[in-house]
>>> print(open('protein_7.pdb').read())   # PDB, C-alpha atoms
ATOM      1  CA  MET A 118      97.243  74.305  92.233
ATOM      2  CA  LEU A 119      93.609  75.453  91.933
ATOM      3  CA  GLN A 120      90.857  73.702  93.879
ATOM      4  CA  GLN A 121      87.187  74.221  92.910
ATOM      5  CA  LEU A 122      84.197  73.662  95.188
ATOM      6  CA  ASP A 123      80.440  73.885  94.610
ATOM      7  CA  HIS A 124      79.646  74.588  98.241
ATOM      8  CA  LEU A 125      80.852  76.741 101.105
ATOM      9  CA  PRO A 126      83.262  74.592 103.114
ATOM     10  CA  SER A 127      82.635  74.039 106.798
ATOM     11  CA  GLY A 128      84.395  76.646 108.889
ATOM     12  CA  PHE A 129      84.677  79.283 106.148
ATOM     13  CA  ALA A 130      81.965  81.476 107.646
ATOM     14  CA  THR A 131      83.865  82.040 110.901
ATOM     15  CA  ALA A 132      87.545  81.511 110.050
ATOM     16  CA  SER A 133      90.085  84.298 110.336
ATOM     17  CA  ALA A 134      92.491  84.822 107.474
ATOM     18  CA  ARG A 135      95.301  83.278 109.542
ATOM     19  CA  ASP A 136      93.201  80.171 110.234
ATOM     20  CA  LEU A 137      91.766  79.767 106.731
ATOM     21  CA  HIS A 138      94.422  77.184 105.868
ATOM     22  CA  ARG A 139      92.545  74.824 108.200
ATOM     23  CA  VAL A 140      89.529  75.161 105.883
ATOM     24  CA  LEU A 141      91.188  75.441 102.465
ATOM     25  CA  PRO A 142      94.552  73.892 101.556
ATOM     26  CA  GLY A 143      95.401  76.565  98.985
ATOM     27  CA  PRO A 144      93.958  78.805  96.259
ATOM     28  CA  THR A 145      90.301  77.883  95.821
ATOM     29  CA  LEU A 146      87.420  78.895  93.568
ATOM     30  CA  ILE A 147      84.087  78.414  95.333
ATOM     31  CA  HIS A 148      80.849  78.450  93.284
ATOM     32  CA  LEU A 149      77.588  79.118  95.136
ATOM     33  CA  PRO A 150      74.194  78.993  93.384
ATOM     34  CA  GLY A 151      71.774  81.903  93.230
ATOM     35  CA  GLU A 152      68.477  82.936  91.698
ATOM     36  CA  ALA A 153      70.263  84.692  88.812
ATOM     37  CA  GLN A 154      72.700  82.267  87.209
ATOM     38  CA  SER A 155      75.319  84.683  85.859
ATOM     39  CA  PRO A 156      77.706  84.881  88.823
ATOM     40  CA  LEU A 157      79.233  87.753  90.702
ATOM     41  CA  PHE A 158      82.963  87.052  91.066
ATOM     42  CA  VAL A 159      84.673  88.218  94.261
ATOM     43  CA  SER A 160      88.419  87.851  94.786
ATOM     44  CA  ILE A 161      89.862  87.943  98.299
ATOM     45  CA  LEU A 162      93.293  87.497  99.881
ATOM     46  CA  LEU A 163      95.360  87.985  96.745
ATOM     47  CA  HIS A 164      97.575  89.532  99.396
ATOM     48  CA  GLY A 165      97.575  87.301 102.446
ATOM     49  CA  ASN A 166      97.431  90.001 105.129
ATOM     50  CA  GLU A 167      94.591  91.990 103.491
ATOM     51  CA  ASP A 168      91.552  90.383 105.091
ATOM     52  CA  VAL A 169      88.818  92.936 104.319
ATOM     53  CA  GLY A 170      87.333  90.751 101.587
ATOM     54  CA  LEU A 171      87.013  87.734 103.856
ATOM     55  CA  HIS A 172      85.238  89.732 106.562
ATOM     56  CA  ALA A 173      82.935  91.435 104.037
ATOM     57  CA  LEU A 174      81.958  88.123 102.456
ATOM     58  CA  GLN A 175      81.334  86.508 105.827
ATOM     59  CA  SER A 176      79.007  89.391 106.692
ATOM     60  CA  VAL A 177      77.057  89.101 103.431
ATOM     61  CA  LEU A 178      76.778  85.314 103.568
ATOM     62  CA  ALA A 179      75.499  85.496 107.132
ATOM     63  CA  THR A 180      72.560  87.644 106.006
ATOM     64  CA  HIS A 181      71.645  85.041 103.380
ATOM     65  CA  ALA A 182      72.164  81.965 105.547
ATOM     66  CA  ALA A 183      68.473  81.032 105.550
ATOM     67  CA  LYS A 184      67.572  82.080 102.013
ATOM     68  CA  PRO A 185      68.973  81.699  98.490
ATOM     69  CA  LEU A 186      71.447  84.208  97.172
ATOM     70  CA  PRO A 187      69.815  86.593  94.691
ATOM     71  CA  ARG A 188      72.638  85.883  92.260
ATOM     72  CA  ALA A 189      75.193  83.101  91.894
ATOM     73  CA  LEU A 190      78.476  83.924  93.617
ATOM     74  CA  SER A 191      81.967  82.723  92.739
ATOM     75  CA  ILE A 192      84.616  83.395  95.393
ATOM     76  CA  PHE A 193      88.319  83.185  94.600
ATOM     77  CA  VAL A 194      90.397  82.764  97.746
ATOM     78  CA  GLY A 195      93.985  83.569  96.790
ATOM     79  CA  ASN A 196      97.133  83.339  98.876
ATOM     80  CA  VAL A 197      96.059  81.110 101.764
ATOM     81  CA  GLU A 198      99.681  80.259 102.583
ATOM     82  CA  ALA A 199     100.646  83.915 103.045
ATOM     83  CA  ALA A 200      97.437  84.530 105.006
ATOM     84  CA  LYS A 201      98.530  81.860 107.494
ATOM     85  CA  ALA A 202     101.735  83.833 108.079
ATOM     86  CA  GLY A 203      99.924  87.187 108.144
ATOM     87  CA  VAL A 204     102.014  88.658 105.306
ATOM     88  CA  ARG A 205     101.387  90.064 101.839
ATOM     89  CA  ARG A 206     103.252  87.185 100.178
ATOM     90  CA  LEU A 207     105.961  84.743 101.135
ATOM     91  CA  ASP A 208     109.450  85.379  99.805
ATOM     92  CA  HIS A 209     109.334  82.460  97.367
ATOM     93  CA  GLN A 210     105.965  83.510  95.939
ATOM     94  CA  PRO A 211     105.019  86.017  93.256
ATOM     95  CA  ASP A 212     102.552  88.785  93.989
ATOM     96  CA  PHE A 213      99.147  87.140  93.395
ATOM     97  CA  ASN A 214      97.938  90.372  91.768
ATOM     98  CA  ARG A 215     100.725  90.276  89.180
ATOM     99  CA  ILE A 216     100.071  86.823  87.673
ATOM    100  CA  TRP A 217      97.074  87.617  85.451
ATOM    101  CA  THR A 218      99.118  88.032  82.308
ATOM    102  CA  SER A 219      97.638  88.234  78.813
ATOM    103  CA  ALA A 220     100.677  86.336  77.492
ATOM    104  CA  PRO A 221     100.704  82.521  77.459
ATOM    105  CA  PRO A 222     101.099  81.383  81.087
ATOM    106  CA  ALA A 223     104.659  80.372  81.968
ATOM    107  CA  THR A 224     104.499  79.506  85.677
ATOM    108  CA  GLU A 225     102.194  77.413  87.856
ATOM    109  CA  PHE A 226     100.772  80.615  89.320
ATOM    110  CA  GLU A 227     100.027  82.071  85.893
ATOM    111  CA  HIS A 228      98.400  78.784  84.856
ATOM    112  CA  MET A 229      96.210  79.004  87.960
ATOM    113  CA  ALA A 230      95.180  82.565  87.123
ATOM    114  CA  ALA A 231      94.427  81.597  83.528
ATOM    115  CA  ALA A 232      92.258  78.703  84.755
ATOM    116  CA  VAL A 233      90.241  81.016  87.024
ATOM    117  CA  LEU A 234      89.711  83.444  84.170
ATOM    118  CA  GLU A 235      88.610  80.704  81.764
ATOM    119  CA  VAL A 236      86.179  79.180  84.270
ATOM    120  CA  MET A 237      84.555  82.548  84.908
ATOM    121  CA  LYS A 238      84.386  83.306  81.187
ATOM    122  CA  GLN A 239      82.562  80.022  80.632
ATOM    123  CA  ARG A 240      80.177  80.868  83.468
ATOM    124  CA  ALA A 241      79.355  84.251  81.854
ATOM    125  CA  VAL A 242      80.566  86.285  84.823
ATOM    126  CA  PHE A 243      78.230  89.187  85.652
ATOM    127  CA  ALA A 244      80.660  91.511  87.458
ATOM    128  CA  ALA A 245      84.016  91.153  89.222
ATOM    129  CA  LEU A 246      85.251  92.670  92.485
ATOM    130  CA  ASP A 247      88.830  92.365  93.729
ATOM    131  CA  LEU A 248      88.944  93.376  97.401
ATOM    132  CA  HIS A 249      92.098  94.736  99.022
ATOM    133  CA  ASN A 250      93.344  96.700 102.003
ATOM    134  CA  ASN A 251      95.828  99.532 101.657
ATOM    135  CA  SER A 252      99.318  99.396 103.129
ATOM    136  CA  GLY A 253      99.136 103.111 104.001
ATOM    137  CA  ARG A 254      96.531 105.705 105.003
ATOM    138  CA  ASN A 255      94.317 106.440 102.003
ATOM    139  CA  PRO A 256      90.627 107.157 101.493
ATOM    140  CA  LEU A 257      88.505 104.295 100.196
ATOM    141  CA  TYR A 258      88.717 104.212  96.418
ATOM    142  CA  SER A 259      88.411 101.889  93.444
ATOM    143  CA  CYS A 260      90.779 101.138  90.586
ATOM    144  CA  PHE A 261      89.896 100.289  86.986
ATOM    145  CA  SER A 262      91.951  99.707  83.847
ATOM    146  CA  ALA A 263      89.688 101.468  81.331
ATOM    147  CA  LEU A 264      87.192 104.332  81.308
ATOM    148  CA  ASP A 265      84.333 102.183  80.012
ATOM    149  CA  GLU A 266      81.093 103.395  81.539
ATOM    150  CA  LYS A 267      80.272  99.919  82.901
ATOM    151  CA  HIS A 268      83.390 100.020  85.098
ATOM    152  CA  LEU A 269      82.741 103.601  86.193
ATOM    153  CA  ARG A 270      79.156 102.869  87.226
ATOM    154  CA  LEU A 271      80.382  99.973  89.358
ATOM    155  CA  ALA A 272      83.092 102.208  90.839
ATOM    156  CA  ARG A 273      80.496 104.796  91.885
ATOM    157  CA  TRP A 274      78.736 102.166  93.976
ATOM    158  CA  PHE A 275      81.838 101.824  96.138
ATOM    159  CA  SER A 276      83.373 105.278  96.464
ATOM    160  CA  PRO A 277      83.314 108.741  94.869
ATOM    161  CA  ILE A 278      87.055 108.349  94.165
ATOM    162  CA  GLY A 279      88.390 106.242  91.293
ATOM    163  CA  VAL A 280      91.873 105.620  89.908
ATOM    164  CA  LEU A 281      92.635 104.663  86.322
ATOM    165  CA  ILE A 282      95.678 102.410  86.439
ATOM    166  CA  HIS A 283      97.146 100.363  83.598
ATOM    167  CA  ALA A 284      98.598  97.418  85.541
ATOM    168  CA  GLN A 285      98.403  94.871  82.759
ATOM    169  CA  SER A 286      99.056  91.732  84.834
ATOM    170  CA  SER A 287      96.467  92.543  87.517
ATOM    171  CA  LEU A 288      93.241  90.655  88.083
ATOM    172  CA  GLY A 289      91.248  93.793  87.314
ATOM    173  CA  ALA A 290      92.855  94.198  83.901
ATOM    174  CA  ALA A 291      92.291  90.507  83.112
ATOM    175  CA  PHE A 292      88.564  90.621  83.928
ATOM    176  CA  ALA A 293      87.878  94.034  82.341
ATOM    177  CA  PRO A 294      87.063  92.665  78.856
ATOM    178  CA  LEU A 295      84.535  90.213  80.343
ATOM    179  CA  CYS A 296      82.355  92.304  82.662
ATOM    180  CA  PRO A 297      82.148  95.414  84.842
ATOM    181  CA  THR A 298      85.253  95.162  87.008
ATOM    182  CA  ILE A 299      86.889  97.171  89.787
ATOM    183  CA  THR A 300      89.562  96.681  92.405
ATOM    184  CA  CYS A 301      88.424  98.058  95.754
ATOM    185  CA  GLU A 302      91.025  99.616  98.030
ATOM    186  CA  CYS A 303      89.236  99.353 101.374
ATOM    187  CA  GLY A 304      91.463 101.303 103.729
ATOM    188  CA  GLU A 305      94.067 100.002 106.136
ATOM    189  CA  ILE A 306      93.961  96.485 107.547
ATOM    190  CA  GLY A 307      91.437  96.400 110.359
ATOM    191  CA  SER A 308      89.322  99.260 108.972
ATOM    192  CA  ALA A 309      85.696  98.639 109.977
ATOM    193  CA  GLN A 310      84.566 101.201 107.408
ATOM    194  CA  GLY A 311      86.292  99.227 104.658
ATOM    195  CA  VAL A 312      84.511  96.008 105.637
ATOM    196  CA  VAL A 313      81.123  97.748 105.742
ATOM    197  CA  GLN A 314      81.609  99.433 102.360
ATOM    198  CA  ALA A 315      82.849  96.226 100.733
ATOM    199  CA  ALA A 316      79.898  94.245 102.141
ATOM    200  CA  ARG A 317      77.439  96.842 100.870
ATOM    201  CA  LEU A 318      79.011  96.670  97.424
ATOM    202  CA  ILE A 319      78.830  92.860  97.313
ATOM    203  CA  GLU A 320      75.171  92.962  98.357
ATOM    204  CA  ARG A 321      74.322  95.606  95.769
ATOM    205  CA  CYS A 322      76.013  93.586  93.027
ATOM    206  CA  LEU A 323      74.131  90.448  94.069
ATOM    207  CA  GLN A 324      70.867  92.391  93.777
ATOM    208  CA  ALA A 325      71.794  94.124  90.505
ATOM    209  CA  THR A 326      70.528  93.350  87.011
ATOM    210  CA  PRO A 327      72.200  93.975  83.633
ATOM    211  CA  GLU A 328      70.122  97.154  83.389
ATOM    212  CA  SER A 329      71.921  98.487  86.462
ATOM    213  CA  PHE A 330      74.935  99.193  84.240
ATOM    214  CA  GLY A 331      72.906 100.686  81.381
ATOM    215  CA  ALA A 332      73.015 104.223  80.097
ATOM    216  CA  GLU A 333      69.926 105.227  82.068
ATOM    217  CA  ALA A 334      71.315 104.082  85.411
ATOM    218  CA  GLU A 335      71.815 106.740  88.054
ATOM    219  CA  ALA A 336      75.241 108.345  87.684
ATOM    220  CA  ALA A 337      76.717 109.663  90.936
ATOM    221  CA  PRO A 338      79.774 111.955  90.710
ATOM    222  CA  LEU A 339      83.157 110.261  90.416
ATOM    223  CA  ASP A 340      86.460 112.024  90.983
ATOM    224  CA  ILE A 341      88.927 110.261  88.667
ATOM    225  CA  PHE A 342      92.719 110.183  88.929
ATOM    226  CA  GLN A 343      95.152 108.535  86.536
ATOM    227  CA  ALA A 344      98.225 106.832  87.953
ATOM    228  CA  TYR A 345     101.208 107.339  85.667
ATOM    229  CA  ALA A 346     104.272 106.410  87.716
ATOM    230  CA  VAL A 347     105.386 103.920  90.350
ATOM    231  CA  LEU A 348     107.990 104.830  92.981
ATOM    232  CA  LYS A 349     110.384 101.990  93.783
ATOM    233  CA  ILE A 350     113.382 101.713  96.106
ATOM    234  CA  PRO A 351     116.138  99.378  94.825
ATOM    235  CA  GLU A 352     116.768  96.297  96.946
ATOM    236  CA  SER A 353     120.422  97.246  97.430
ATOM    237  CA  ILE A 354     119.461 100.556  99.081
ATOM    238  CA  THR A 355     119.045 100.704 102.851
ATOM    239  CA  LEU A 356     115.867 102.376 104.049
ATOM    240  CA  SER A 357     114.793 104.223 107.176
ATOM    241  CA  ILE A 358     111.491 105.794 108.220
ATOM    242  CA  ASP A 359     112.281 106.425 111.899
ATOM    243  CA  GLY A 360     115.202 108.794 111.350
ATOM    244  CA  ASP A 361     117.970 106.208 111.627
ATOM    245  CA  GLU A 362     120.905 106.495 109.257
ATOM    246  CA  ALA A 363     120.254 104.825 105.892
ATOM    247  CA  ASP A 364     120.840 105.346 102.180
ATOM    248  CA  ILE A 365     117.339 106.812 101.886
ATOM    249  CA  ARG A 366     115.291 108.249 104.739
ATOM    250  CA  LEU A 367     111.549 108.763 104.332
ATOM    251  CA  PRO A 368     109.634 111.371 106.363
ATOM    252  CA  ALA A 369     107.707 109.914 109.289
ATOM    253  CA  ASP A 370     104.485 111.523 108.011
ATOM    254  CA  ILE A 371     104.835 110.251 104.439
ATOM    255  CA  GLU A 372     101.365 108.662 104.509
ATOM    256  CA  SER A 373      99.815 112.102 105.081
ATOM    257  CA  MET A 374     100.768 112.965 101.482
ATOM    258  CA  ASN A 375      98.314 110.442 100.010
ATOM    259  CA  PHE A 376      95.640 111.962  97.789
ATOM    260  CA  CYS A 377      97.090 115.411  98.404
ATOM    261  CA  THR A 378      98.323 117.724  95.682
ATOM    262  CA  LEU A 379     102.090 117.913  96.105
ATOM    263  CA  GLN A 380     103.703 121.024  94.684
ATOM    264  CA  ALA A 381     106.903 121.048  92.643
ATOM    265  CA  ASP A 382     109.981 120.990  94.928
ATOM    266  CA  ARG A 383     108.157 118.937  97.592
ATOM    267  CA  VAL A 384     110.748 116.859  99.462
ATOM    268  CA  LEU A 385     109.903 113.146  99.313
ATOM    269  CA  ALA A 386     113.017 111.825 101.031
ATOM    270  CA  THR A 387     116.567 112.597 102.101
ATOM    271  CA  THR A 388     119.516 110.554 100.936
ATOM    272  CA  ALA A 389     123.102 109.757 101.746
ATOM    273  CA  ALA A 390     125.509 111.800  99.666
ATOM    274  CA  HIS A 391     127.665 108.887  98.531
ATOM    275  CA  LEU A 392     125.027 106.987  96.551
ATOM    276  CA  ALA A 393     126.075 106.085  93.029
ATOM    277  CA  ILE A 394     122.623 104.874  91.958
ATOM    278  CA  GLU A 395     119.253 106.554  92.115
ATOM    279  CA  PRO A 396     117.789 105.788  95.569
ATOM    280  CA  LEU A 397     114.216 106.275  94.381
ATOM    281  CA  GLN A 398     113.338 104.994  90.930
ATOM    282  CA  VAL A 399     110.354 106.187  88.902
ATOM    283  CA  ARG A 400     108.899 103.592  86.562
ATOM    284  CA  GLY A 401     105.885 103.191  84.310
ATOM    285  CA  PHE A 402     103.415 100.335  84.433
ATOM    286  CA  ALA A 403     105.337  98.326  81.852
ATOM    287  CA  ASP A 404     108.360  98.711  84.214
ATOM    288  CA  GLU A 405     109.985 101.230  81.899
ATOM    289  CA  PRO A 406     112.083 103.977  83.532
ATOM    290  CA  ILE A 407     110.612 107.487  83.559
ATOM    291  CA  GLU A 408     113.119 110.313  83.620
ATOM    292  CA  GLY A 409     112.714 113.867  84.814
ATOM    293  CA  LEU A 410     110.109 113.540  87.585
ATOM    294  CA  LEU A 411     112.500 113.684  90.551
ATOM    295  CA  LEU A 412     115.387 116.001  91.348
ATOM    296  CA  ARG A 413     118.299 115.328  93.716
ATOM    297  CA  ASP A 414     119.128 118.573  95.492
ATOM    298  CA  GLY A 415     122.035 117.838  97.817
ATOM    299  CA  ALA A 416     120.675 115.374 100.359
ATOM    300  CA  GLU A 417     117.073 116.087  99.401
ATOM    301  CA  LEU A 418     115.009 114.227  96.835
ATOM    302  CA  ARG A 419     112.331 116.526  95.426
ATOM    303  CA  LEU A 420     109.466 116.386  92.981
ATOM    304  CA  LYS A 421     110.449 118.218  89.810
ATOM    305  CA  GLU A 422     106.799 118.926  88.985
ATOM    306  CA  GLY A 423     103.550 118.824  90.925
ATOM    307  CA  ALA A 424     101.707 115.529  91.368
ATOM    308  CA  ILE A 425      99.102 113.735  93.477
ATOM    309  CA  ALA A 426     100.398 110.793  95.495
ATOM    310  CA  ALA A 427      98.668 107.566  96.463
ATOM    311  CA  MET A 428      99.536 104.420  98.420
ATOM    312  CA  LEU A 429     102.628 105.982 100.025
ATOM    313  CA  THR A 430     103.351 103.767 103.007
ATOM    314  CA  ARG A 431     105.537 103.301 106.074
ATOM    315  CA  ASP A 432     105.257  99.511 105.704
ATOM    316  CA  VAL A 433     108.822  98.493 104.850
ATOM    317  CA  ARG A 434     107.850  94.958 103.800
ATOM    318  CA  ALA A 435     105.216  96.331 101.402
ATOM    319  CA  ILE A 436     107.765  98.796 100.014
ATOM    320  CA  ARG A 437     110.269  95.999  99.420
ATOM    321  CA  GLN A 438     107.769  93.555  97.931
ATOM    322  CA  ASP A 439     105.823  96.059  95.850
ATOM    323  CA  CYS A 440     106.545  99.787  95.819
ATOM    324  CA  LEU A 441     106.657 102.971  97.881
ATOM    325  CA  GLY A 442     103.612 104.421  96.144
ATOM    326  CA  TYR A 443     102.230 106.033  92.988
ATOM    327  CA  LEU A 444     102.095 109.424  91.331
ATOM    328  CA  MET A 445      98.815 110.500  89.740
ATOM    329  CA  GLN A 446      97.032 113.344  88.031
ATOM    330  CA  ARG A 447      93.344 114.259  88.110
ATOM    331  CA  ILE A 448      91.595 113.709  84.773
ATOM    332  CA  ALA A 449      88.248 114.751  83.340
ATOM    333  CA  HIS A 450      85.663 112.226  82.211
ATOM    334  CA  PRO A 451      85.096 111.985  79.390
ATOM    335  CA  PRO A 452      88.725 113.029  78.772
ATOM    336  CA  ALA A 453      89.060 116.451  77.175
TER
END
>>> encode(input="protein_7.pdb", output="structure tokens")
Amino acid sequence: MLQQLDHLPSGFATASARDLHRVLPGPTLIHLPGEAQSPLFVSILLHGNEDVGLHALQSVLATHAAKPLPRALSIFVGNVEAAKAGVRRLDHQPDFNRIWTSAPPATEFEHMAAAVLEVMKQRAVFAALDLHNNSGRNPLYSCFSALDEKHLRLARWFSPIGVLIHAQSSLGAAFAPLCPTITCECGEIGSAQGVVQAARLIERCLQATPESFGAEAEAAPLDIFQAYAVLKIPESITLSIDGDEADIRLPADIESMNFCTLQADRVLATTAAHLAIEPLQVRGFADEPIEGLLLRDGAELRLKEGAIAAMLTRDVRAIRQDCLGYLMQRIAHPPA
């Protein structure tokens, strides 16, 4: 499934995400040389409709067209097939950011992910960036799977907001033991700010040295949140965001709740009275159920305790294929 190239293929520099299938037949790992041999790894299009990484890379590569890269660069181009269709993933595919398991690989997709990881381990990867768009309105922020200072210093280069999230089968979690690693959430699809920030981060990483992540490196402030719950709507439940009748109805302004402190009793949704199953499930990052965070009060579904929300979205396809959003809490660093 995985193709590897030692050059930038013709057409890559100008292709849109939807047209990239004309350049690459499928998932591809592209290795470009640079003055420093330990490569920066950049992952793009794990979700086919999230094209910020492609645009950011095209911008950076254009500035280096007539000169060598300051550091070797390895680019993983993920779900080219979904990108052609302009969707997160196709119905027969897994989520390309949920295949980086630490268990022995069991599917062709997991074997592909394991191969990418092994190749980059052998190449002594310098740092890893996984570039994404958000499916809802959120500030630009980074995600990391551990509070190691090397990850936090990299996160500060992208945004003053960081989220600790223990998604064990994500690319970020897989690369974390190897090098400084963050997942960059670069705003909604089409966000020019997200492309600019991602391009600046790539350029800074290409120019960086190992000392950049040392104890004496400049430490900008970082506001850290920890995600502790995922909100999911069961497939059998009908869903409405525009006020139409459905088993669960989300408020039209649900995305305005992102990165806001929501007080206890905040209404997240309204529901039909006849439902025999929970219309909004709360789960941990090992997919275990979490009880006691939501309260059904007649037709209203309320938070039982205060929380900070993230990634809440009106995108029904994203809700169905992934989740409605996350609940978080602000944490101190180092933790108290």
>>> closest_residue(input="protein_7.pdb", among="A:Gly151, A:Pro338, A:Pro396, A:Gly423", to="Ser353 in chain A", atoms="all atoms listed in the file")
A:Pro396
>>> resolve_selection(input="protein_7.pdb", expression="the PyMOL selection byres ((chain A and resi 200-206) around 6)", output="list in words")
Ala134, Arg135, His164, Gly165, Asn166, Val197, Glu198, Ala199 and Leu207 of chain A
>>> resolve_selection(input="protein_7.pdb", expression="the PyMOL selection byres ((chain A and resi 439-441) around 10)", output="ChimeraX atom specification")
/A:205,212,252-253,347-351,367,371,397-398,427-438,442-443
>>> write_last_selection(input="protein_7.pdb", atoms="C-alpha atoms", output="short mmCIF file (atom, residue, chain, number, x, y, z; two decimals), in the coordinates of the input")
data_model
loop_
_atom_site.label_atom_id
_atom_site.label_comp_id
_atom_site.auth_asym_id
_atom_site.auth_seq_id
_atom_site.Cartn_x
_atom_site.Cartn_y
_atom_site.Cartn_z
CA ARG A 205 101.39 90.06 101.84
CA ASP A 212 102.55 88.78 93.99
CA SER A 252 99.32 99.40 103.13
CA GLY A 253 99.14 103.11 104.00
CA VAL A 347 105.39 103.92 90.35
CA LEU A 348 107.99 104.83 92.98
CA LYS A 349 110.38 101.99 93.78
CA ILE A 350 113.38 101.71 96.11
CA PRO A 351 116.14 99.38 94.82
CA LEU A 367 111.55 108.76 104.33
CA ILE A 371 104.84 110.25 104.44
CA LEU A 397 114.22 106.28 94.38
CA GLN A 398 113.34 104.99 90.93
CA ALA A 427 98.67 107.57 96.46
CA MET A 428 99.54 104.42 98.42
CA LEU A 429 102.63 105.98 100.02
CA THR A 430 103.35 103.77 103.01
CA ARG A 431 105.54 103.30 106.07
CA ASP A 432 105.26 99.51 105.70
CA VAL A 433 108.82 98.49 104.85
CA ARG A 434 107.85 94.96 103.80
CA ALA A 435 105.22 96.33 101.40
CA ILE A 436 107.76 98.80 100.01
CA ARG A 437 110.27 96.00 99.42
CA GLN A 438 107.77 93.56 97.93
CA GLY A 442 103.61 104.42 96.14
CA TYR A 443 102.23 106.03 92.99
#
>>> residues_around(input="protein_7.pdb", residues="Ser127 in chain A", least_positions_apart="6", cutoff="12 Å", atoms="only C-alpha atoms", output="MDAnalysis selection string")
chainID A and resid 137 139:141
>>> atom_distance(input="protein_7.pdb", atom1="CA of Leu444 in chain A", atom2="CA of Ser262 in chain A")
15.9 Å
>>> atom_distance(input="protein_7.pdb", atom1="CA of Arg254 in chain A", atom2="CA of Val313 in chain A")
17.4 Å
>>> resolve_selection(input="protein_7.pdb", expression="the PyMOL selection byres ((chain A and resi 365) around 7)", output="compact mmCIF listing (two decimals) with C-alpha atoms, in the coordinates of the input")
# COMPACT_ATOMS: atom_id res chain seq x y z
CA THR A 355 119.04 100.70 102.85
CA LEU A 356 115.87 102.38 104.05
CA SER A 357 114.79 104.22 107.18
CA ALA A 363 120.25 104.82 105.89
CA ASP A 364 120.84 105.35 102.18
CA ARG A 366 115.29 108.25 104.74
CA LEU A 367 111.55 108.76 104.33
CA ALA A 386 113.02 111.82 101.03
CA THR A 387 116.57 112.60 102.10
CA THR A 388 119.52 110.55 100.94
CA ALA A 389 123.10 109.76 101.75
CA PRO A 396 117.79 105.79 95.57
>>> residues_around(input="protein_7.pdb", residues="range 297-303 of chain A", least_positions_apart="2", cutoff="8 Å", atoms="all atoms listed in the file", output="PyMOL selection string")
chain A and resi 169+243-251+256-261+267-268+271-272+275+289+292-293+295+305+308+310-312+314-315
>>> residues_around(input="protein_7.pdb", residues="Arg383 in chain A", least_positions_apart="4", cutoff="7 Å", atoms="all atoms listed in the file", output="ChimeraX atom specification")
/A:379,419-420
>>> closest_residue(input="protein_7.pdb", among="A:Ser329, A:Ser373, A:Ser191, A:Gln285", to="Ser219 in chain A", atoms="all atoms listed in the file")
A:Gln285
